[in-house]
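Worksheet for the structure shown next.
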Amino acid sequence: MVDTADEVDPQWLTAALNSSGVAATVRQVTAERVGTGQMGSCSRLFVDYVDGTGPDLLIIKLPATDANSRAAGTLSYRCETSFYRDYAHRIGARLPHCY
């Protein structure tokens, strides 16, 4: 588990992708913050793969580091993850893939 995008290293990201069925080995990963971080922390991940296979663009969404913001976002996080887990496949629209 990582708490901030700065903690995402090649080993962690390789394991996360592999556990989602993506056979890729990450050589290097860097993060660039996106958004304002009011309810959580979002970063764009720039990934260099050893074997060249894997998603071209990744966004990592993490809970806010501030305890008050984290508590306020908890319901929103649950709703979003439930949507992707339980309903996204029924929509028929182009949606991001969750790893």
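The chains in the structure tokens are called A, B, ... from first to last as shown; in each chain the residues are counted from 1, and the ligands are counted from 1 in the order shown.
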
Shell of 7 Å around A:Ala16, only C-alpha atoms, local chain residues under 4 positions omitted, as a PDB file with N, CA, C and O atoms, in the first residue's frame:
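out37.pdb, freshly written:
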ATOM      1  N   TRP A  12       6.505  -1.693  -6.769  1.00  0.00           N
ATOM      2  CA  TRP A  12       5.097  -1.602  -6.356  1.00  0.00           C
ATOM      3  C   TRP A  12       4.191  -1.570  -7.574  1.00  0.00           C
ATOM      4  O   TRP A  12       3.184  -2.274  -7.645  1.00  0.00           O
ATOM      5  N   SER A  20      -3.396  -7.297 -11.670  1.00  0.00           N
ATOM      6  CA  SER A  20      -4.576  -6.960 -12.463  1.00  0.00           C
ATOM      7  C   SER A  20      -4.543  -7.606 -13.845  1.00  0.00           C
ATOM      8  O   SER A  20      -5.318  -7.249 -14.722  1.00  0.00           O
ATOM      9  N   TYR A  99      -6.948  -0.590 -12.282  1.00  0.00           N
ATOM     10  CA  TYR A  99      -5.992  -1.634 -11.919  1.00  0.00           C
ATOM     11  C   TYR A  99      -5.931  -1.744 -10.422  1.00  0.00           C
ATOM     12  O   TYR A  99      -6.015  -0.798  -9.717  1.00  0.00           O
TER      13      TYR A  99
END

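All residues of protein, DNA or RNA that reach within 6 Å of A:Met39, judged by only C-alpha atoms and not counting those fewer than 4 positions away in the chain, are Ala64, Ser69 and Gly73 of chain A.
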
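Each of A:Tyr84, A:Lys61, A:Met1, A:His89 was compared to A:Glu32 using only C-alpha atoms, and A:Lys61 turns out to be the nearest.
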
Margin query: Restricting the calculation to only C-alpha atoms: of A:Thr53, A:Ser43, A:Gln11, A:Val2, which residue gets closest to A:Ala23?
Written below: A:Thr53

Next item on the list: Mind listing the helix (DSSP H, G or I) residues of chain A, per DSSP on the backbone, as an MDAnalysis selection string?
Entry: chainID A and resid 5:7 10:19 67:91

Would you put the residues from that selection into a file with N, CA and C atoms, as an mmCIF file, in the first residue's frame?
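Ended up saving to result-v5.cif:
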data_model
loop_
_atom_site.group_PDB
_atom_site.id
_atom_site.type_symbol
_atom_site.label_atom_id
_atom_site.label_comp_id
_atom_site.auth_asym_id
_atom_site.auth_seq_id
_atom_site.Cartn_x
_atom_site.Cartn_y
_atom_site.Cartn_z
ATOM 1 N N ALA A 5 1.915 9.523 -3.979
ATOM 2 C CA ALA A 5 2.440 9.145 -5.298
ATOM 3 C C ALA A 5 3.962 9.026 -5.276
ATOM 4 N N ASP A 6 4.618 9.760 -4.387
ATOM 5 C CA ASP A 6 6.079 9.674 -4.283
ATOM 6 C C ASP A 6 6.540 8.295 -3.826
ATOM 7 N N GLU A 7 5.647 7.534 -3.199
ATOM 8 C CA GLU A 7 5.989 6.195 -2.726
ATOM 9 C C GLU A 7 5.823 5.124 -3.803
ATOM 10 N N PRO A 10 9.018 1.320 -8.973
ATOM 11 C CA PRO A 10 8.843 0.305 -10.020
ATOM 12 C C PRO A 10 8.348 -1.048 -9.495
ATOM 13 N N GLN A 11 8.842 -1.476 -8.356
ATOM 14 C CA GLN A 11 8.428 -2.767 -7.817
ATOM 15 C C GLN A 11 6.952 -2.758 -7.436
ATOM 16 N N TRP A 12 6.505 -1.693 -6.769
ATOM 17 C CA TRP A 12 5.097 -1.602 -6.356
ATOM 18 C C TRP A 12 4.191 -1.570 -7.574
ATOM 19 N N LEU A 13 4.520 -0.748 -8.564
ATOM 20 C CA LEU A 13 3.674 -0.613 -9.740
ATOM 21 C C LEU A 13 3.668 -1.893 -10.563
ATOM 22 N N THR A 14 4.796 -2.553 -10.689
ATOM 23 C CA THR A 14 4.846 -3.846 -11.381
ATOM 24 C C THR A 14 3.910 -4.838 -10.716
ATOM 25 N N ALA A 15 3.961 -4.921 -9.384
ATOM 26 C CA ALA A 15 3.096 -5.849 -8.643
ATOM 27 C C ALA A 15 1.624 -5.490 -8.826
ATOM 28 N N ALA A 16 1.299 -4.178 -8.777
ATOM 29 C CA ALA A 16 -0.090 -3.743 -8.934
ATOM 30 C C ALA A 16 -0.612 -4.091 -10.324
ATOM 31 N N LEU A 17 0.186 -3.842 -11.345
ATOM 32 C CA LEU A 17 -0.239 -4.161 -12.706
ATOM 33 C C LEU A 17 -0.358 -5.669 -12.909
ATOM 34 N N ASN A 18 0.635 -6.413 -12.433
ATOM 35 C CA ASN A 18 0.613 -7.869 -12.599
ATOM 36 C C ASN A 18 -0.581 -8.498 -11.894
ATOM 37 N N SER A 19 -0.962 -7.965 -10.729
ATOM 38 C CA SER A 19 -2.110 -8.529 -10.009
ATOM 39 C C SER A 19 -3.423 -8.231 -10.726
ATOM 40 N N ALA A 67 -6.236 14.530 7.422
ATOM 41 C CA ALA A 67 -7.246 13.662 8.046
ATOM 42 C C ALA A 67 -8.674 14.139 7.802
ATOM 43 N N ASN A 68 -8.924 15.441 7.881
ATOM 44 C CA ASN A 68 -10.275 15.963 7.658
ATOM 45 C C ASN A 68 -10.725 15.752 6.211
ATOM 46 N N SER A 69 -9.843 16.022 5.279
ATOM 47 C CA SER A 69 -10.169 15.815 3.872
ATOM 48 C C SER A 69 -10.370 14.337 3.573
ATOM 49 N N ARG A 70 -9.557 13.511 4.199
ATOM 50 C CA ARG A 70 -9.670 12.064 3.994
ATOM 51 C C ARG A 70 -11.018 11.566 4.489
ATOM 52 N N ALA A 71 -11.437 12.024 5.653
ATOM 53 C CA ALA A 71 -12.724 11.600 6.208
ATOM 54 C C ALA A 71 -13.875 12.061 5.316
ATOM 55 N N ALA A 72 -13.789 13.270 4.801
ATOM 56 C CA ALA A 72 -14.849 13.805 3.945
ATOM 57 C C ALA A 72 -14.948 13.038 2.635
ATOM 58 N N GLY A 73 -13.840 12.521 2.153
ATOM 59 C CA GLY A 73 -13.842 11.821 0.877
ATOM 60 C C GLY A 73 -14.179 10.350 0.949
ATOM 61 N N THR A 74 -14.271 9.785 2.142
ATOM 62 C CA THR A 74 -14.469 8.345 2.286
ATOM 63 C C THR A 74 -15.707 7.846 1.546
ATOM 64 N N LEU A 75 -16.840 8.506 1.702
ATOM 65 C CA LEU A 75 -18.059 8.076 1.016
ATOM 66 C C LEU A 75 -17.898 8.177 -0.494
ATOM 67 N N SER A 76 -17.277 9.243 -0.944
ATOM 68 C CA SER A 76 -17.056 9.416 -2.377
ATOM 69 C C SER A 76 -16.178 8.296 -2.928
ATOM 70 N N TYR A 77 -15.120 7.911 -2.207
ATOM 71 C CA TYR A 77 -14.230 6.837 -2.652
ATOM 72 C C TYR A 77 -15.007 5.534 -2.766
ATOM 73 N N ARG A 78 -15.840 5.259 -1.781
ATOM 74 C CA ARG A 78 -16.623 4.017 -1.798
ATOM 75 C C ARG A 78 -17.583 3.990 -2.978
ATOM 76 N N CYS A 79 -18.232 5.102 -3.245
ATOM 77 C CA CYS A 79 -19.154 5.178 -4.382
ATOM 78 C C CYS A 79 -18.415 4.958 -5.696
ATOM 79 N N GLU A 80 -17.269 5.593 -5.843
ATOM 80 C CA GLU A 80 -16.518 5.475 -7.087
ATOM 81 C C GLU A 80 -16.011 4.055 -7.297
ATOM 82 N N THR A 81 -15.441 3.452 -6.285
ATOM 83 C CA THR A 81 -14.933 2.088 -6.444
ATOM 84 C C THR A 81 -16.070 1.107 -6.680
ATOM 85 N N SER A 82 -17.204 1.317 -6.025
ATOM 86 C CA SER A 82 -18.367 0.454 -6.250
ATOM 87 C C SER A 82 -18.853 0.568 -7.690
ATOM 88 N N PHE A 83 -18.879 1.789 -8.218
ATOM 89 C CA PHE A 83 -19.289 1.983 -9.606
ATOM 90 C C PHE A 83 -18.414 1.165 -10.542
ATOM 91 N N TYR A 84 -17.096 1.293 -10.426
ATOM 92 C CA TYR A 84 -16.201 0.575 -11.327
ATOM 93 C C TYR A 84 -16.271 -0.927 -11.124
ATOM 94 N N ARG A 85 -16.430 -1.369 -9.887
ATOM 95 C CA ARG A 85 -16.483 -2.804 -9.593
ATOM 96 C C ARG A 85 -17.801 -3.422 -10.046
ATOM 97 N N ASP A 86 -18.924 -2.740 -9.801
ATOM 98 C CA ASP A 86 -20.241 -3.354 -9.960
ATOM 99 C C ASP A 86 -21.030 -2.927 -11.190
ATOM 100 N N TYR A 87 -20.790 -1.739 -11.730
ATOM 101 C CA TYR A 87 -21.667 -1.212 -12.771
ATOM 102 C C TYR A 87 -20.989 -0.813 -14.077
ATOM 103 N N ALA A 88 -19.738 -0.465 -14.051
ATOM 104 C CA ALA A 88 -19.076 0.079 -15.242
ATOM 105 C C ALA A 88 -19.205 -0.846 -16.446
ATOM 106 N N HIS A 89 -19.102 -2.141 -16.235
ATOM 107 C CA HIS A 89 -19.169 -3.089 -17.352
ATOM 108 C C HIS A 89 -20.551 -3.107 -18.014
ATOM 109 N N ARG A 90 -21.560 -2.582 -17.348
ATOM 110 C CA ARG A 90 -22.924 -2.568 -17.887
ATOM 111 C C ARG A 90 -23.220 -1.332 -18.739
ATOM 112 N N ILE A 91 -22.400 -0.329 -18.640
ATOM 113 C CA ILE A 91 -22.668 0.955 -19.267
ATOM 114 C C ILE A 91 -22.529 0.909 -20.787
#

Next item on the list: Work out how far apart atom CA of A:Val22 and atom CA of A:Gly37 are and give it in Å to one decimal.
Entry: 28.3 Å

Next item on the list: Write down as a ChimeraX atom specification the residues of chain A whose backbone DSSP state falls under strand (DSSP E or B).
Entry: /A:26-34,40-49,58-63

Residues within 10 Å of A:Asp51, only C-alpha atoms, excluding chain neighbours under 6 positions, as a tab-separated table (two decimals) with N, CA, C and O atoms, in the first residue's frame:
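Final file, result-v1.tsv:
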chain	number	residue	atom	x	y	z
A	23	ALA	N	0.85	-8.13	-17.85
A	23	ALA	CA	2.18	-8.73	-17.76
A	23	ALA	C	3.21	-7.69	-18.20
A	23	ALA	O	3.59	-7.62	-19.36
A	24	ALA	N	3.62	-6.86	-17.27
A	24	ALA	CA	4.58	-5.80	-17.57
A	24	ALA	C	5.55	-5.66	-16.41
A	24	ALA	O	5.20	-5.92	-15.26
A	25	THR	N	6.75	-5.26	-16.74
A	25	THR	CA	7.76	-4.98	-15.73
A	25	THR	C	8.14	-3.50	-15.86
A	25	THR	O	8.55	-3.06	-16.94
A	26	VAL	N	8.00	-2.77	-14.78
A	26	VAL	CA	8.27	-1.33	-14.78
A	26	VAL	C	9.74	-1.09	-14.48
A	26	VAL	O	10.28	-1.59	-13.51
A	27	ARG	N	10.38	-0.29	-15.33
A	27	ARG	CA	11.78	0.08	-15.13
A	27	ARG	C	11.87	1.35	-14.28
A	27	ARG	O	12.68	1.47	-13.38

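Between atom CA of A:Pro63 and atom CA of A:Gly40 the separation is 4.4 Å.
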
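Going from atom CA of A:Leu57 to atom CA of A:His97 covers 10.7 Å.
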
Notebook entry, point to check: Which residues, written as a PyMOL selection string, have at least one atom at most 6 Å from A:Arg44, with only C-alpha atoms counted and residues fewer than 5 positions away on the same chain left out?
Noted result: chain A and resi 31-32+58-59

Note to self: Which residues are near A:Gln28? Cut-off 8 Å, only C-alpha atoms, ignore same chain within fewer than 3 positions. Put them as a ChimeraX atom specification.
What the structure shows: /A:9-10,47-49

Could you save those same residues with all heavy atoms as a PDB file, in the first residue's frame?
ATOM      1  N   ASP A   9       6.942   3.089  -6.539  1.00  0.00           N
ATOM      2  CA  ASP A   9       8.225   2.745  -7.143  1.00  0.00           C
ATOM      3  C   ASP A   9       7.997   1.639  -8.180  1.00  0.00           C
ATOM      4  O   ASP A   9       6.895   1.094  -8.291  1.00  0.00           O
ATOM      5  CB  ASP A   9       9.255   2.342  -6.085  1.00  0.00           C
ATOM      6  CG  ASP A   9       8.878   1.106  -5.288  1.00  0.00           C
ATOM      7  OD1 ASP A   9       7.979   0.344  -5.713  1.00  0.00           O
ATOM      8  OD2 ASP A   9       9.482   0.885  -4.224  1.00  0.00           O
ATOM      9  N   PRO A  10       9.018   1.320  -8.973  1.00  0.00           N
ATOM     10  CA  PRO A  10       8.843   0.305 -10.020  1.00  0.00           C
ATOM     11  C   PRO A  10       8.348  -1.048  -9.495  1.00  0.00           C
ATOM     12  O   PRO A  10       7.506  -1.686 -10.132  1.00  0.00           O
ATOM     13  CB  PRO A  10      10.234   0.183 -10.635  1.00  0.00           C
ATOM     14  CG  PRO A  10      10.846   1.533 -10.431  1.00  0.00           C
ATOM     15  CD  PRO A  10      10.336   1.964  -9.069  1.00  0.00           C
ATOM     16  N   VAL A  47       5.502   6.161 -17.067  1.00  0.00           N
ATOM     17  CA  VAL A  47       6.068   4.838 -16.836  1.00  0.00           C
ATOM     18  C   VAL A  47       6.948   4.417 -18.000  1.00  0.00           C
ATOM     19  O   VAL A  47       6.578   4.555 -19.164  1.00  0.00           O
ATOM     20  CB  VAL A  47       4.936   3.792 -16.648  1.00  0.00           C
ATOM     21  CG1 VAL A  47       5.512   2.434 -16.285  1.00  0.00           C
ATOM     22  CG2 VAL A  47       3.944   4.256 -15.585  1.00  0.00           C
ATOM     23  N   ASP A  48       8.124   3.884 -17.647  1.00  0.00           N
ATOM     24  CA  ASP A  48       9.030   3.284 -18.622  1.00  0.00           C
ATOM     25  C   ASP A  48       9.055   1.795 -18.300  1.00  0.00           C
ATOM     26  O   ASP A  48       9.363   1.400 -17.167  1.00  0.00           O
ATOM     27  CB  ASP A  48      10.426   3.901 -18.489  1.00  0.00           C
ATOM     28  CG  ASP A  48      11.427   3.300 -19.451  1.00  0.00           C
ATOM     29  OD1 ASP A  48      11.031   2.870 -20.551  1.00  0.00           O
ATOM     30  OD2 ASP A  48      12.620   3.247 -19.092  1.00  0.00           O
ATOM     31  N   TYR A  49       8.690   0.971 -19.280  1.00  0.00           N
ATOM     32  CA  TYR A  49       8.619  -0.472 -19.086  1.00  0.00           C
ATOM     33  C   TYR A  49       9.873  -1.160 -19.589  1.00  0.00           C
ATOM     34  O   TYR A  49      10.425  -0.780 -20.620  1.00  0.00           O
ATOM     35  CB  TYR A  49       7.405  -1.049 -19.816  1.00  0.00           C
ATOM     36  CG  TYR A  49       6.089  -0.548 -19.288  1.00  0.00           C
ATOM     37  CD1 TYR A  49       5.432   0.506 -19.898  1.00  0.00           C
ATOM     38  CD2 TYR A  49       5.507  -1.120 -18.169  1.00  0.00           C
ATOM     39  CE1 TYR A  49       4.219   0.972 -19.411  1.00  0.00           C
ATOM     40  CE2 TYR A  49       4.299  -0.665 -17.675  1.00  0.00           C
ATOM     41  CZ  TYR A  49       3.662   0.382 -18.307  1.00  0.00           C
ATOM     42  OH  TYR A  49       2.464   0.850 -17.815  1.00  0.00           O
TER      43      TYR A  49
END
